[in-house]
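S.K.: Let me begin by handing over the structure; questions about it come next.
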Amino acid sequence: MVSDVFDHIASLLQLGGPVVTVIAGLSVVATALVLVKVFEFLSCGIGNDTRAQKAVHHWHAGQLAKAKASNAQPKSAAGRAVATALSLLELRKDKAEIEERIGVQAAGDLHHFSKGVRALEAIAQIAPLIGLFGTVLGMIEAFQALQSAGSNVDPSALAGGIWVALMTTAAGLGVAMPVSLAVTWLEGRLETERVCIETLTSSLLLQQLPELQAAPSSRGQNLSYAR
């Protein structure tokens, strides 16, 4: 069964020529990139920042210790931004300085997570064009054969040449469509992450609280921070 599948793939590659081989190579690269990015996004919680939201909720309740504990060792960009904001607020840093440091950190994190997405976009755009290029070359070859045959034209041979030429376009579209869907999902997650960074950090910086209670000290006292 498996050998039959590989034989069928090999025959398609042979019929399609180098153009289909290139498209097949792009499909392998795209599949690997999609799997890596999906695993990275899911494992880091990109676009799903429940922990960061809990930290902000505890902050609004005046519970600094719980806020930091609920977002300990964050992996997402929004989680890291919230953790940085909490640490700087605890140190009573100026609001402008906090915003600047969060902005620099968030830009770097989002750039890191967007790596590979641009490559997938390029594959989704170039695969149909490569397929169309192969179709044009195949049609040229088919009509050259038609011209050479003169009056002894074999319609079946012409039809066979045309469908082989069209196969490259089908292969290019077959790669581009699922890759485009994957890119849309990844970009949606990145956009959600960016919005979370803006809304959560703004919520931390804009809302004035009467008192923030840190973890009790050895003397049983609570620290209060007025912003």
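Residues are referred to by chain and number: the chain letter is A, B, ... according to the order shown in the structure tokens, the number counts from 1 in that chain, and ligands are numbered separately from 1 in the order shown.
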So that I can check the surroundings of Ala32 of chain A, please list as a PyMOL selection string every protein, DNA and RNA residue that reaches within 12 Å of it, counting only C-alpha atoms and ignoring chain neighbours fewer than 3 positions away.

M.R.: chain A and resi 25-29+35-39+116-117+119-120+179+182

S.K.: At a cut-off of 12 Å, can you tabulate as a tab-separated table every residue of segment 50-79 of chain A near segment 200-207 of chain A together with its closest atom pair and the distance in Å to one decimal, using only C-alpha atoms and ordering rows by chain then number?

M.R.:
```
residue	atom	partner	partner_atom	distance
A:Thr50	CA	A:Leu200	CA	11.1
A:Arg51	CA	A:Leu200	CA	11.3
A:Ala52	CA	A:Leu200	CA	7.8
A:Gln53	CA	A:Leu200	CA	7.1
A:Lys54	CA	A:Leu200	CA	10.3
A:Ala55	CA	A:Leu200	CA	9.5
A:Val56	CA	A:Leu204	CA	6.7
A:His57	CA	A:Leu204	CA	9.4
A:His58	CA	A:Leu204	CA	10.6
A:Trp59	CA	A:Leu204	CA	7.5
A:His60	CA	A:Leu204	CA	7.8
A:Ala61	CA	A:Gln207	CA	11.4
A:Gly62	CA	A:Leu204	CA	11.3
A:Leu64	CA	A:Leu204	CA	11.5
A:Ala67	CA	A:Leu204	CA	11.1
A:Ala77	CA	A:Leu200	CA	11.5
A:Ala78	CA	A:Leu200	CA	7.8
A:Gly79	CA	A:Leu200	CA	9.3
```

S.K.: Leaving out Ala165 of chain A and any residue of its chain fewer than 4 positions from it, which residues lie within 10 Å of it when counting only C-alpha atoms, given as an MDAnalysis selection string?

M.R.: chainID A and resid 15:17 131:142 159:161 169:170

S.K.: Just the selected residues (N, CA and C atoms), exported as a PDB file, in the first residue's frame, please.

M.R.:
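The resulting file, out.pdb, is shown below:
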```pdb
ATOM      1  N   LEU A  15       6.089  12.961 -14.583  1.00  0.00           N
ATOM      2  CA  LEU A  15       5.244  13.598 -15.592  1.00  0.00           C
ATOM      3  C   LEU A  15       5.348  15.121 -15.527  1.00  0.00           C
ATOM      4  N   GLY A  16       5.326  15.645 -14.315  1.00  0.00           N
ATOM      5  CA  GLY A  16       5.360  17.099 -14.144  1.00  0.00           C
ATOM      6  C   GLY A  16       6.700  17.723 -14.408  1.00  0.00           C
ATOM      7  N   GLY A  17       7.749  16.927 -14.341  1.00  0.00           N
ATOM      8  CA  GLY A  17       9.072  17.446 -14.618  1.00  0.00           C
ATOM      9  C   GLY A  17       9.639  18.264 -13.466  1.00  0.00           C
ATOM     10  N   GLY A 131       3.577  27.097 -10.636  1.00  0.00           N
ATOM     11  CA  GLY A 131       2.702  26.164 -11.339  1.00  0.00           C
ATOM     12  C   GLY A 131       2.211  26.719 -12.665  1.00  0.00           C
ATOM     13  N   LEU A 132       1.845  27.992 -12.678  1.00  0.00           N
ATOM     14  CA  LEU A 132       1.403  28.628 -13.923  1.00  0.00           C
ATOM     15  C   LEU A 132       2.535  28.697 -14.938  1.00  0.00           C
ATOM     16  N   PHE A 133       3.739  28.957 -14.459  1.00  0.00           N
ATOM     17  CA  PHE A 133       4.908  28.975 -15.340  1.00  0.00           C
ATOM     18  C   PHE A 133       5.112  27.605 -15.981  1.00  0.00           C
ATOM     19  N   GLY A 134       4.954  26.554 -15.173  1.00  0.00           N
ATOM     20  CA  GLY A 134       5.075  25.202 -15.719  1.00  0.00           C
ATOM     21  C   GLY A 134       3.996  24.901 -16.744  1.00  0.00           C
ATOM     22  N   THR A 135       2.784  25.400 -16.499  1.00  0.00           N
ATOM     23  CA  THR A 135       1.695  25.197 -17.459  1.00  0.00           C
ATOM     24  C   THR A 135       1.996  25.888 -18.785  1.00  0.00           C
ATOM     25  N   VAL A 136       2.499  27.106 -18.715  1.00  0.00           N
ATOM     26  CA  VAL A 136       2.847  27.835 -19.943  1.00  0.00           C
ATOM     27  C   VAL A 136       3.921  27.086 -20.725  1.00  0.00           C
ATOM     28  N   LEU A 137       4.941  26.603 -20.027  1.00  0.00           N
ATOM     29  CA  LEU A 137       5.990  25.842 -20.707  1.00  0.00           C
ATOM     30  C   LEU A 137       5.426  24.572 -21.323  1.00  0.00           C
ATOM     31  N   GLY A 138       4.531  23.896 -20.585  1.00  0.00           N
ATOM     32  CA  GLY A 138       3.934  22.670 -21.109  1.00  0.00           C
ATOM     33  C   GLY A 138       3.063  22.919 -22.327  1.00  0.00           C
ATOM     34  N   MET A 139       2.298  24.008 -22.314  1.00  0.00           N
ATOM     35  CA  MET A 139       1.459  24.339 -23.462  1.00  0.00           C
ATOM     36  C   MET A 139       2.317  24.678 -24.679  1.00  0.00           C
ATOM     37  N   ILE A 140       3.411  25.385 -24.449  1.00  0.00           N
ATOM     38  CA  ILE A 140       4.324  25.689 -25.559  1.00  0.00           C
ATOM     39  C   ILE A 140       4.858  24.403 -26.164  1.00  0.00           C
ATOM     40  N   GLU A 141       5.256  23.484 -25.296  1.00  0.00           N
ATOM     41  CA  GLU A 141       5.781  22.201 -25.779  1.00  0.00           C
ATOM     42  C   GLU A 141       4.710  21.414 -26.531  1.00  0.00           C
ATOM     43  N   ALA A 142       3.472  21.430 -26.022  1.00  0.00           N
ATOM     44  CA  ALA A 142       2.390  20.688 -26.677  1.00  0.00           C
ATOM     45  C   ALA A 142       2.088  21.252 -28.060  1.00  0.00           C
ATOM     46  N   ALA A 159      -4.134  16.165 -26.163  1.00  0.00           N
ATOM     47  CA  ALA A 159      -4.856  16.256 -24.890  1.00  0.00           C
ATOM     48  C   ALA A 159      -3.976  15.811 -23.734  1.00  0.00           C
ATOM     49  N   GLY A 160      -3.193  14.759 -23.967  1.00  0.00           N
ATOM     50  CA  GLY A 160      -2.289  14.298 -22.911  1.00  0.00           C
ATOM     51  C   GLY A 160      -1.256  15.340 -22.554  1.00  0.00           C
ATOM     52  N   GLY A 161      -0.720  16.031 -23.562  1.00  0.00           N
ATOM     53  CA  GLY A 161       0.250  17.081 -23.284  1.00  0.00           C
ATOM     54  C   GLY A 161      -0.359  18.244 -22.529  1.00  0.00           C
ATOM     55  N   THR A 169      -0.098  23.679 -12.563  1.00  0.00           N
ATOM     56  CA  THR A 169      -0.929  24.711 -11.930  1.00  0.00           C
ATOM     57  C   THR A 169      -1.718  24.132 -10.773  1.00  0.00           C
ATOM     58  N   ALA A 170      -2.281  22.935 -10.978  1.00  0.00           N
ATOM     59  CA  ALA A 170      -3.025  22.283  -9.900  1.00  0.00           C
ATOM     60  C   ALA A 170      -2.123  22.013  -8.702  1.00  0.00           C
TER      61      ALA A 170
END
```

S.K.: Quick one: residues within 7 Å of segment 185-195 of chain A, only C-alpha atoms counted, chain neighbours fewer than 2 positions away excluded, as a PyMOL selection string?

M.R.: chain A and resi 46-47+77-78+181-183+197-199

S.K.: Could you write out that same residue set with C-alpha atoms as a PDB file, in the first residue's frame?

M.R.:
```pdb
ATOM      1  CA  ILE A  46       0.424  32.964  21.722  1.00  0.00           C
ATOM      2  CA  GLY A  47      -3.039  34.475  21.413  1.00  0.00           C
ATOM      3  CA  ALA A  77       4.866  38.101  24.493  1.00  0.00           C
ATOM      4  CA  ALA A  78       1.875  39.431  26.440  1.00  0.00           C
ATOM      5  CA  LEU A 181      -4.958  29.133   5.643  1.00  0.00           C
ATOM      6  CA  ALA A 182      -2.050  28.403   7.989  1.00  0.00           C
ATOM      7  CA  VAL A 183      -0.633  31.909   7.485  1.00  0.00           C
ATOM      8  CA  ILE A 197      -0.097  43.417  25.088  1.00  0.00           C
ATOM      9  CA  GLU A 198      -1.650  46.831  24.501  1.00  0.00           C
ATOM     10  CA  THR A 199      -4.829  46.269  26.505  1.00  0.00           C
TER      11      THR A 199
END
```

S.K.: So how many Å separate atom CA of Leu173 of chain A and atom CA of Pro128 of chain A, to one decimal?

M.R.: 5.2 Å

S.K.: How many Å separate atom CA of Val20 of chain A from atom CA of Gln144 of chain A?

M.R.: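 Atom-to-atom, atom CA of Val20 of chain A to atom CA of Gln144 of chain A, that is 21.0 Å.
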
S.K.: Report as a short mmCIF file (atom, residue, chain, number, x, y, z; two decimals) with N, CA and C atoms, in the first residue's frame all protein, DNA and RNA residues lying within 8 Å of segment 97-106 of chain A, evaluated on only C-alpha atoms, omitting residues in the same chain fewer than 2 positions from it.

M.R.:
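selection-v6.cif, written as the output of this step:
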```cif
data_model
loop_
_atom_site.label_atom_id
_atom_site.label_comp_id
_atom_site.auth_asym_id
_atom_site.auth_seq_id
_atom_site.Cartn_x
_atom_site.Cartn_y
_atom_site.Cartn_z
N ALA A 77 4.45 36.70 24.53
CA ALA A 77 4.87 38.10 24.49
C ALA A 77 4.04 38.94 25.46
N ALA A 78 2.73 38.68 25.52
CA ALA A 78 1.87 39.43 26.44
C ALA A 78 2.21 39.11 27.89
N ALA A 81 5.33 40.93 28.78
CA ALA A 81 5.08 42.36 28.92
C ALA A 81 4.43 42.67 30.27
N THR A 84 7.01 42.26 33.07
CA THR A 84 7.92 43.41 33.10
C THR A 84 7.23 44.62 33.72
N ALA A 85 5.99 44.85 33.34
CA ALA A 85 5.25 45.99 33.89
C ALA A 85 5.08 45.87 35.40
N LEU A 88 8.43 46.61 37.15
CA LEU A 88 8.77 48.03 37.13
C LEU A 88 7.84 48.85 38.01
N LEU A 89 6.57 48.47 38.05
CA LEU A 89 5.64 49.16 38.94
C LEU A 89 6.02 48.93 40.40
N LYS A 93 8.84 52.75 39.04
CA LYS A 93 9.41 53.42 37.88
C LYS A 93 8.39 54.37 37.26
N ASP A 94 8.91 55.35 36.54
CA ASP A 94 8.04 56.32 35.88
C ASP A 94 7.23 55.65 34.77
N LYS A 95 6.01 56.14 34.58
CA LYS A 95 5.12 55.55 33.58
C LYS A 95 5.71 55.59 32.18
N GLY A 108 10.44 43.21 20.12
CA GLY A 108 11.38 42.11 19.92
C GLY A 108 10.71 40.75 20.00
N ASP A 109 9.80 40.59 20.96
CA ASP A 109 9.11 39.30 21.11
C ASP A 109 8.22 39.00 19.91
N LEU A 110 7.46 39.99 19.46
CA LEU A 110 6.58 39.77 18.31
C LEU A 110 7.39 39.50 17.04
N ILE A 197 -1.18 42.63 24.50
CA ILE A 197 -0.10 43.42 25.09
C ILE A 197 -0.57 44.84 25.35
#
```

S.K.: Name the residues of segment 47-217 of chain A that come out as helix (DSSP H, G or I) in a backbone DSSP run; write them as a VMD selection string.

M.R.: chain A and resid 50 to 60 64 to 70 77 to 90 95 to 114 117 to 149 155 to 206

S.K.: Provide the atom CA of Ala107 of chain A to atom CA of Arg92 of chain A distance in Å, to one decimal place.

M.R.: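 Atom-to-atom, atom CA of Ala107 of chain A to atom CA of Arg92 of chain A, that is 23.2 Å.
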